[in-house]
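Trainee: Structure file run_30.txt (compact mmCIF, C-alpha atoms and all ligand atoms) right here:
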# COMPACT_ATOMS: atom_id res chain seq x y z
CA MET R 1 3.52 -1.52 -11.53
CA THR R 2 6.22 1.15 -11.93
CA GLU R 3 6.99 3.15 -8.84
CA ARG R 4 6.07 6.84 -8.99
CA THR R 5 6.11 9.72 -6.55
CA LEU R 6 2.97 11.52 -5.54
CA SER R 7 1.64 14.23 -3.26
CA LEU R 8 -1.47 13.79 -1.16
CA VAL R 9 -3.72 15.95 0.97
CA ILE R 10 -4.61 13.99 4.12
CA LYS R 11 -7.66 14.98 6.15
CA VAL R 12 -7.14 13.01 9.34
CA TRP R 13 -9.36 12.72 12.41
CA ARG R 14 -7.76 14.12 15.56
CA GLN R 15 -9.29 13.41 18.96
CA ALA R 16 -7.39 13.68 22.23
CA GLY R 17 -9.49 11.11 24.11
CA PRO R 18 -12.81 9.29 24.37
CA ASP R 19 -14.64 12.23 25.96
CA THR R 20 -13.07 14.99 23.90
CA PRO R 21 -14.67 16.34 20.73
CA GLY R 22 -12.71 15.48 17.60
CA ARG R 23 -12.05 17.35 14.36
CA PHE R 24 -10.40 16.86 10.99
CA GLU R 25 -6.92 18.23 10.48
CA THR R 26 -5.51 18.74 6.97
CA HIS R 27 -1.91 17.91 6.04
CA ARG R 28 -0.04 18.00 2.73
CA LEU R 29 2.52 15.29 2.03
CA SER R 30 4.84 15.28 -0.95
CA ASN R 31 7.47 12.96 -2.44
CA LEU R 32 5.56 9.89 -1.31
CA SER R 33 6.35 6.61 -3.04
CA SER R 34 3.45 4.80 -4.71
CA ASP R 35 4.88 1.62 -3.12
CA MET R 36 4.20 2.91 0.40
CA SER R 37 1.47 1.30 2.46
CA PHE R 38 -0.94 3.40 4.51
CA PRO R 39 0.90 2.90 7.83
CA GLU R 40 4.15 3.90 6.07
CA MET R 41 2.45 7.05 4.80
CA LEU R 42 1.27 7.78 8.36
CA ASP R 43 4.86 7.26 9.55
CA VAL R 44 5.93 9.98 7.09
CA LEU R 45 3.15 12.26 8.33
CA ASN R 46 4.19 11.66 11.94
CA ALA R 47 7.86 12.37 11.18
CA GLN R 48 6.75 15.65 9.61
CA LEU R 49 4.55 16.51 12.61
CA THR R 50 7.33 15.66 15.06
CA GLN R 51 9.76 17.91 13.17
CA GLU R 52 7.22 20.71 13.42
CA GLY R 53 6.96 20.12 17.18
CA ARG R 54 3.38 18.85 16.89
CA GLU R 55 1.79 15.73 18.28
CA PRO R 56 1.91 12.68 15.96
CA VAL R 57 -1.27 10.94 14.85
CA ALA R 58 -2.08 7.88 16.98
CA PHE R 59 -2.91 4.80 14.91
CA ASP R 60 -2.74 1.03 15.39
CA SER R 61 -0.55 -1.36 13.44
CA ASP R 62 1.54 -4.36 14.32
CA CYS R 63 2.38 -7.03 11.74
CA ARG R 64 1.84 -4.77 8.70
CA GLU R 65 1.30 -7.97 6.70
CA GLY R 66 -2.48 -8.39 6.93
CA ILE R 67 -2.24 -11.00 9.68
CA CYS R 68 -2.87 -9.51 13.12
CA GLY R 69 -5.97 -7.35 12.59
CA MET R 70 -4.54 -4.41 14.54
CA CYS R 71 -4.66 -1.84 11.76
CA GLY R 72 -7.93 -0.37 10.65
CA ALA R 73 -9.28 3.02 9.78
CA VAL R 74 -11.95 4.38 7.49
CA VAL R 75 -10.48 5.67 4.22
CA ASP R 76 -12.84 7.86 2.22
CA GLY R 77 -15.81 6.24 3.97
CA LEU R 78 -14.69 2.61 3.67
CA PRO R 79 -13.04 0.56 6.44
CA HIS R 80 -9.60 -0.53 5.15
CA GLY R 81 -10.11 1.67 2.08
CA PRO R 82 -11.45 1.23 -1.42
CA GLU R 83 -9.52 -1.94 -2.43
CA ARG R 84 -11.33 -5.18 -1.61
CA GLY R 85 -9.85 -8.12 0.24
CA GLY R 86 -7.05 -6.41 2.15
CA THR R 87 -6.26 -4.62 5.37
CA LEU R 88 -5.18 -1.00 5.76
CA CYS R 89 -1.55 -2.11 6.06
CA GLN R 90 -1.86 -3.79 2.64
CA LEU R 91 -3.37 -0.70 1.00
CA HIS R 92 -0.73 1.01 -1.10
CA LEU R 93 -0.60 4.56 -2.38
CA ARG R 94 -0.41 3.30 -5.99
CA HIS R 95 -4.21 3.10 -5.85
CA PHE R 96 -4.48 6.88 -5.41
CA LYS R 97 -3.94 9.79 -7.79
CA ASP R 98 -1.28 12.47 -7.46
CA GLY R 99 -2.78 15.44 -5.61
CA GLN R 100 -5.76 13.43 -4.32
CA THR R 101 -7.42 14.33 -1.02
CA ILE R 102 -7.89 11.34 1.29
CA THR R 103 -10.05 11.34 4.41
CA LEU R 104 -8.99 9.13 7.32
CA GLU R 105 -11.25 8.40 10.28
CA PRO R 106 -11.35 5.81 13.07
CA LEU R 107 -13.59 2.72 12.84
CA ARG R 108 -16.80 4.20 14.19
CA ALA R 109 -19.17 2.30 16.49
CA SER R 110 -20.42 3.01 20.00
CA ALA R 111 -18.99 -0.35 21.12
CA PHE R 112 -15.57 0.79 19.83
CA PRO R 113 -14.90 4.03 21.74
CA VAL R 114 -12.15 6.23 20.34
CA VAL R 115 -9.01 6.04 22.47
CA LYS R 116 -7.13 8.67 20.51
CA ASP R 117 -7.14 9.89 16.88
CA LEU R 118 -7.46 6.71 14.75
CA VAL R 119 -7.12 4.27 17.67
CA VAL R 120 -10.31 2.64 18.94
CA ASP R 121 -10.84 0.24 21.84
CA ARG R 122 -11.87 -3.14 20.39
CA ALA R 123 -11.79 -4.98 23.73
CA ALA R 124 -15.51 -5.72 23.27
CA PHE R 125 -14.41 -8.44 20.82
CA ASP R 126 -12.14 -9.96 23.48
CA ARG R 127 -15.02 -10.10 25.95
CA ILE R 128 -17.22 -11.88 23.37
CA ILE R 129 -14.47 -14.47 22.82
CA GLN R 130 -14.13 -14.89 26.59
CA ALA R 131 -17.86 -15.69 26.72
CA GLY R 132 -17.50 -18.78 24.53
CA GLY R 133 -14.97 -18.57 21.72
CA PHE R 134 -12.72 -21.27 23.15
CA VAL R 135 -12.45 -25.04 23.53
CA SER R 136 -12.03 -26.74 26.91
CA VAL R 137 -9.48 -29.34 25.97
CA ASN R 138 -6.22 -29.98 27.71
CA THR R 139 -3.41 -28.49 25.74
CA GLY R 140 -0.17 -30.31 25.32
CA SER R 141 1.62 -31.76 22.38
CA ALA R 142 -0.37 -31.63 19.14
CA PRO R 143 -2.33 -34.86 18.57
CA GLU R 144 -1.65 -36.96 15.51
CA ALA R 145 -3.82 -35.34 12.80
CA ASN R 146 -5.25 -38.63 11.55
CA THR R 147 -6.81 -39.40 14.95
CA LEU R 148 -9.36 -36.61 14.28
CA PRO R 149 -10.54 -37.18 10.73
CA VAL R 150 -12.33 -34.15 9.27
CA PRO R 151 -13.83 -34.25 5.75
CA GLN R 152 -11.99 -31.96 3.35
CA ASN R 153 -14.99 -29.71 2.60
CA ILE R 154 -15.72 -29.23 6.32
CA ALA R 155 -12.07 -28.48 7.07
CA GLU R 156 -12.06 -25.86 4.31
CA GLN R 157 -15.24 -24.20 5.60
CA ALA R 158 -13.76 -24.11 9.12
CA MET R 159 -10.48 -22.65 7.86
CA ASP R 160 -12.34 -20.01 5.83
CA ALA R 161 -14.17 -18.93 9.01
CA ALA R 162 -10.96 -19.09 11.04
CA ALA R 163 -9.39 -16.55 8.66
CA CYS R 164 -11.21 -13.78 10.60
CA ILE R 165 -8.55 -11.54 12.19
CA GLY R 166 -10.98 -9.58 14.36
CA CYS R 167 -10.09 -6.20 12.87
CA GLY R 168 -13.59 -4.76 13.40
CA ALA R 169 -14.07 -3.43 9.87
CA CYS R 170 -17.36 -5.37 9.65
CA VAL R 171 -18.73 -3.42 12.62
CA ALA R 172 -17.66 -0.04 11.27
CA ALA R 173 -19.19 -0.77 7.85
CA CYS R 174 -22.54 -1.95 9.17
CA PRO R 175 -25.32 0.67 9.45
CA ASN R 176 -26.36 -1.09 12.69
CA ALA R 177 -22.78 -1.47 13.97
CA ALA R 178 -23.46 -5.20 14.19
CA ALA R 179 -20.69 -7.61 15.14
CA MET R 180 -22.49 -10.59 13.68
CA LEU R 181 -19.94 -11.43 10.98
CA PHE R 182 -17.16 -11.57 13.57
CA VAL R 183 -19.17 -13.62 16.08
CA ALA R 184 -20.54 -15.88 13.35
CA ALA R 185 -17.04 -16.63 12.02
CA LYS R 186 -15.86 -17.69 15.48
CA ILE R 187 -18.97 -19.80 16.20
CA SER R 188 -18.88 -21.49 12.76
CA GLN R 189 -15.22 -22.33 12.97
CA LEU R 190 -15.66 -24.15 16.29
CA ALA R 191 -19.03 -25.73 15.42
CA LEU R 192 -17.55 -27.34 12.31
CA LEU R 193 -14.58 -29.01 13.96
CA PRO R 194 -14.57 -31.96 16.40
CA GLN R 195 -12.54 -29.93 18.92
CA GLY R 196 -15.40 -27.43 19.27
CA GLN R 197 -18.13 -29.91 20.14
CA ALA R 198 -17.71 -29.90 23.94
CA GLU R 199 -19.16 -26.37 24.36
CA ARG R 200 -21.19 -26.30 21.17
CA LYS R 201 -24.56 -26.50 22.93
CA ARG R 202 -24.03 -23.28 24.85
CA ARG R 203 -21.47 -21.36 22.77
CA ALA R 204 -23.88 -19.50 20.45
CA ALA R 205 -26.12 -18.46 23.35
CA THR R 206 -23.29 -17.13 25.54
CA MET R 207 -21.43 -15.34 22.73
CA ILE R 208 -24.57 -13.70 21.34
CA ALA R 209 -25.59 -12.59 24.86
CA ALA R 210 -22.12 -11.05 25.27
CA MET R 211 -22.42 -9.36 21.86
CA ASP R 212 -25.77 -7.81 22.81
CA LYS R 213 -24.40 -6.68 26.18
CA GLU R 214 -21.57 -4.81 24.44
CA GLY R 215 -24.11 -2.73 22.51
CA PHE R 216 -23.58 -4.07 18.99
CA GLY R 217 -26.61 -3.90 16.70
CA GLY R 218 -28.40 -6.66 14.86
CA CYS R 219 -27.90 -7.85 11.30
CA GLY R 220 -30.08 -6.11 8.71
CA ASN R 221 -28.73 -8.14 5.76
CA HIS R 222 -27.02 -5.06 4.30
CA ARG R 223 -23.91 -7.20 3.58
CA GLU R 224 -21.57 -4.22 4.03
CA CYS R 225 -19.61 -6.37 6.49
CA GLU R 226 -18.86 -8.95 3.80
CA ARG R 227 -17.89 -6.16 1.36
CA VAL R 228 -15.18 -4.75 3.62
CA CYS R 229 -13.92 -7.93 5.29
CA PRO R 230 -10.21 -8.20 4.45
CA LYS R 231 -10.41 -12.00 4.70
CA GLY R 232 -13.54 -12.54 2.62
CA ILE R 233 -15.63 -14.01 5.46
CA SER R 234 -19.01 -14.93 4.02
CA ILE R 235 -22.33 -13.97 5.58
CA ARG R 236 -23.26 -17.65 5.18
CA ASN R 237 -21.57 -17.91 8.58
CA ILE R 238 -24.31 -15.69 10.03
CA ALA R 239 -26.94 -18.16 8.82
CA LYS R 240 -24.95 -20.94 10.49
CA MET R 241 -24.71 -18.91 13.70
CA ASN R 242 -28.48 -18.39 13.69
CA ARG R 243 -29.00 -22.16 13.33
CA GLU R 244 -26.57 -22.79 16.20
CA TYR R 245 -28.43 -20.22 18.32
CA LEU R 246 -31.82 -21.74 17.56
CA ALA R 247 -30.55 -25.21 18.42
CA ALA R 248 -29.11 -23.91 21.71
CA ALA R 249 -32.37 -22.12 22.56
CA MET R 250 -34.48 -25.21 21.83
CA ARG R 251 -32.34 -27.33 24.11
S1 LIG X 301 -1.05 -4.35 10.99
FE1 LIG X 301 -1.51 -6.46 11.20
S2 LIG X 301 -3.16 -6.72 9.84
FE2 LIG X 301 -2.55 -4.69 9.48
Output the file's structure as structure tokens, nothing else.
Ligand code: FES

Mentor:
Amino acid sequence: MTERTLSLVIKVWRQAGPDTPGRFETHRLSNLSSDMSFPEMLDVLNAQLTQEGREPVAFDSDCREGICGMCGAVVDGLPHGPERGGTLCQLHLRHFKDGQTITLEPLRASAFPVVKDLVVDRAAFDRIIQAGGFVSVNTGSAPEANTLPVPQNIAEQAMDAAACIGCGACVAACPNAAAMLFVAAKISQLALLPQGQAERKRRAATMIAAMDKEGFGGCGNHRECERVCPKGISIRNIAKMNREYLAAAMR
């Protein structure tokens, strides 16, 4: 697509801290390249704010290649924006019209308190992983792959689940602020592979208990999580998680 320049009106959420009321602030940006990603556009906004002697907008990003899951904000009501199958750092301005007004908010959920502006604390996900999203095998040199044969279709299902980057968009999109797509992806990935069998009998129970303790809601089958997931994680993983949980409870 040919590069073009455009101007945008950005309504961005500003909030000094978790206990401070927030508000929208409006900024006009011009001479933006349609090839810019969202974090690059925020860099331009922050350079402008710094020149004006004002505080830059706090936002998360790291790899800027759709890998790490650090970026994430709600663009016009949708986590990661209106384009499907990508993260905020992969969302380019070419998808917006010259002169368009864009609203930017943090991923909203009570389990993800706002740290500042667009930055939220997603440590609740880390605590869920600590509750069971691991395998207790001695690490060392990688074993010869053929000593652990895994059927191709199972390996592909496991890799599809392992694509979850833990960005939290699923939680922000869900009307119940449920973390079930995230937790289900982690449980499925380990349940499918031989390496995950050692803790399989207790993993679903401990991770779901941790999820509930963090204050995430339950799945209402709205499927908004699947819609906004940048890695296309399927809600079929939630069905698998429920089966794993039932099996753990019956034991
Ligand atoms: S910054 Fe790493 S996925 Fe967006």

Trainee: Between CA of Glu83 in chain R and CA of Ile67 in chain R, what distance in Å does the model show, to one decimal?

Mentor: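 We find that CA of Glu83 in chain R and CA of Ile67 in chain R lie 16.8 Å from each other.
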
Trainee: For a test of reading the model, state the distance in Å between CA of Thr139 in chain R and CA of Arg64 in chain R, rounded to one decimal.

Mentor: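 Going from CA of Thr139 in chain R over to CA of Arg64 in chain R, I get 29.7 Å.
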
Trainee: Return as a ChimeraX atom specification the residues of protein, DNA or RNA that approach ligand LIG 301 (chain X) to within 10 Å, with all atoms listed in the file taken into account.

Mentor: /R:38-39,60-72,80,86-91,165-167,230

Trainee: Using all atoms listed in the file, pick whichever of R:Leu6, R:Ile233, R:Ile238, R:Val57 has the shortest atom-to-atom distance to Val115 in chain R.

Mentor: R:Val57

Trainee: Which of these residues is nearest to Phe125 in chain R, using only C-alpha atoms: R:Met211, R:Leu190, R:Met159, R:Leu45?

Mentor: R:Met211

Trainee: Could you tell me how far CA of Ser37 in chain R lies from CA of Pro21 in chain R, in Å and to one decimal?

Mentor: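 Interatomic distance, CA of Ser37 in chain R to CA of Pro21 in chain R: 28.6 Å.
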
Trainee: Closest to Leu8 in chain R among R:Leu49, R:Val44, R:Val120, R:Ala163, using only C-alpha atoms?

Mentor: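 Nearest candidate to Leu8 in chain R out of R:Leu49, R:Val44, R:Val120, R:Ala163: R:Val44.
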
Trainee: Which polymer residues, whether protein, DNA or RNA, lie within 12 Å of the coordinate (-23.1, -28.7, 25.2) when you count all atoms listed in the file? List them as a VMD selection string, using the chain letters and numbers from the file.

Mentor: chain R and resid 132 135 to 136 191 196 to 206 244 247 to 249 251

Trainee: Need to verify the contact set: Leu32 in chain R, 8 Å, all atoms listed in the file, exclusion of same-chain residues closer than 5 positions in sequence. Can you return it as a list of chain:residue names?

Mentor: R:Thr5, R:Leu6, R:Ser7, R:Met41

Trainee: For Arg94 in chain R, list every protein, DNA or RNA residue within 10 Å, evaluated using all atoms listed in the file, and leave out those in the same chain fewer than 4 positions away; present the list as a list of chain:residue names.

Mentor: R:Met1, R:Thr2, R:Glu3, R:Arg4, R:Thr5, R:Leu6, R:Ser33, R:Ser34, R:Asp35, R:Met36, R:Ser37, R:Asp98

Trainee: Taking all atoms listed in the file into account, which of R:Gln15, R:Thr20, R:Ser30, R:Gln152 comes nearest Phe59 in chain R?

Mentor: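 When distances to Phe59 in chain R are compared using all atoms listed in the file, the smallest one comes from R:Gln15.
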
Trainee: Select, counting only C-alpha atoms, all protein, DNA and RNA residues no farther than 12 Å from (-11.0, -3.5, -1.0) in file coordinates, and express the selection as JSON, numbers by chain.

Mentor: {"R": [74, 75, 76, 77, 78, 79, 80, 81, 82, 83, 84, 85, 86, 87, 88, 89, 90, 91, 92, 95, 169, 224, 225, 226, 227, 228, 229, 230, 231, 232]}

Trainee: When you look at Met241 in chain R with a cut-off of 8 Å (counting all atoms listed in the file), what residues show up, excluding the ones that are within fewer than 4 positions of it in the same chain? I need them as a list in words.

Mentor: Ala184, Ile187, Ser188, Ala204, Asn237 and Tyr245 of chain R

Trainee: Would you please work out which residue, of R:Ala131, R:Ile102, R:Leu42, R:Ala161, is nearest to Glu214 in chain R when using all atoms listed in the file?

Mentor: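 When distances to Glu214 in chain R are compared using all atoms listed in the file, the smallest one comes from R:Ala131.
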
Trainee: Which is closer to Ala16 in chain R than all the others in R:Ala47, R:Met180, R:Leu107, R:Val114, using all atoms listed in the file?

Mentor: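 Smallest distance to Ala16 in chain R is found for R:Val114.
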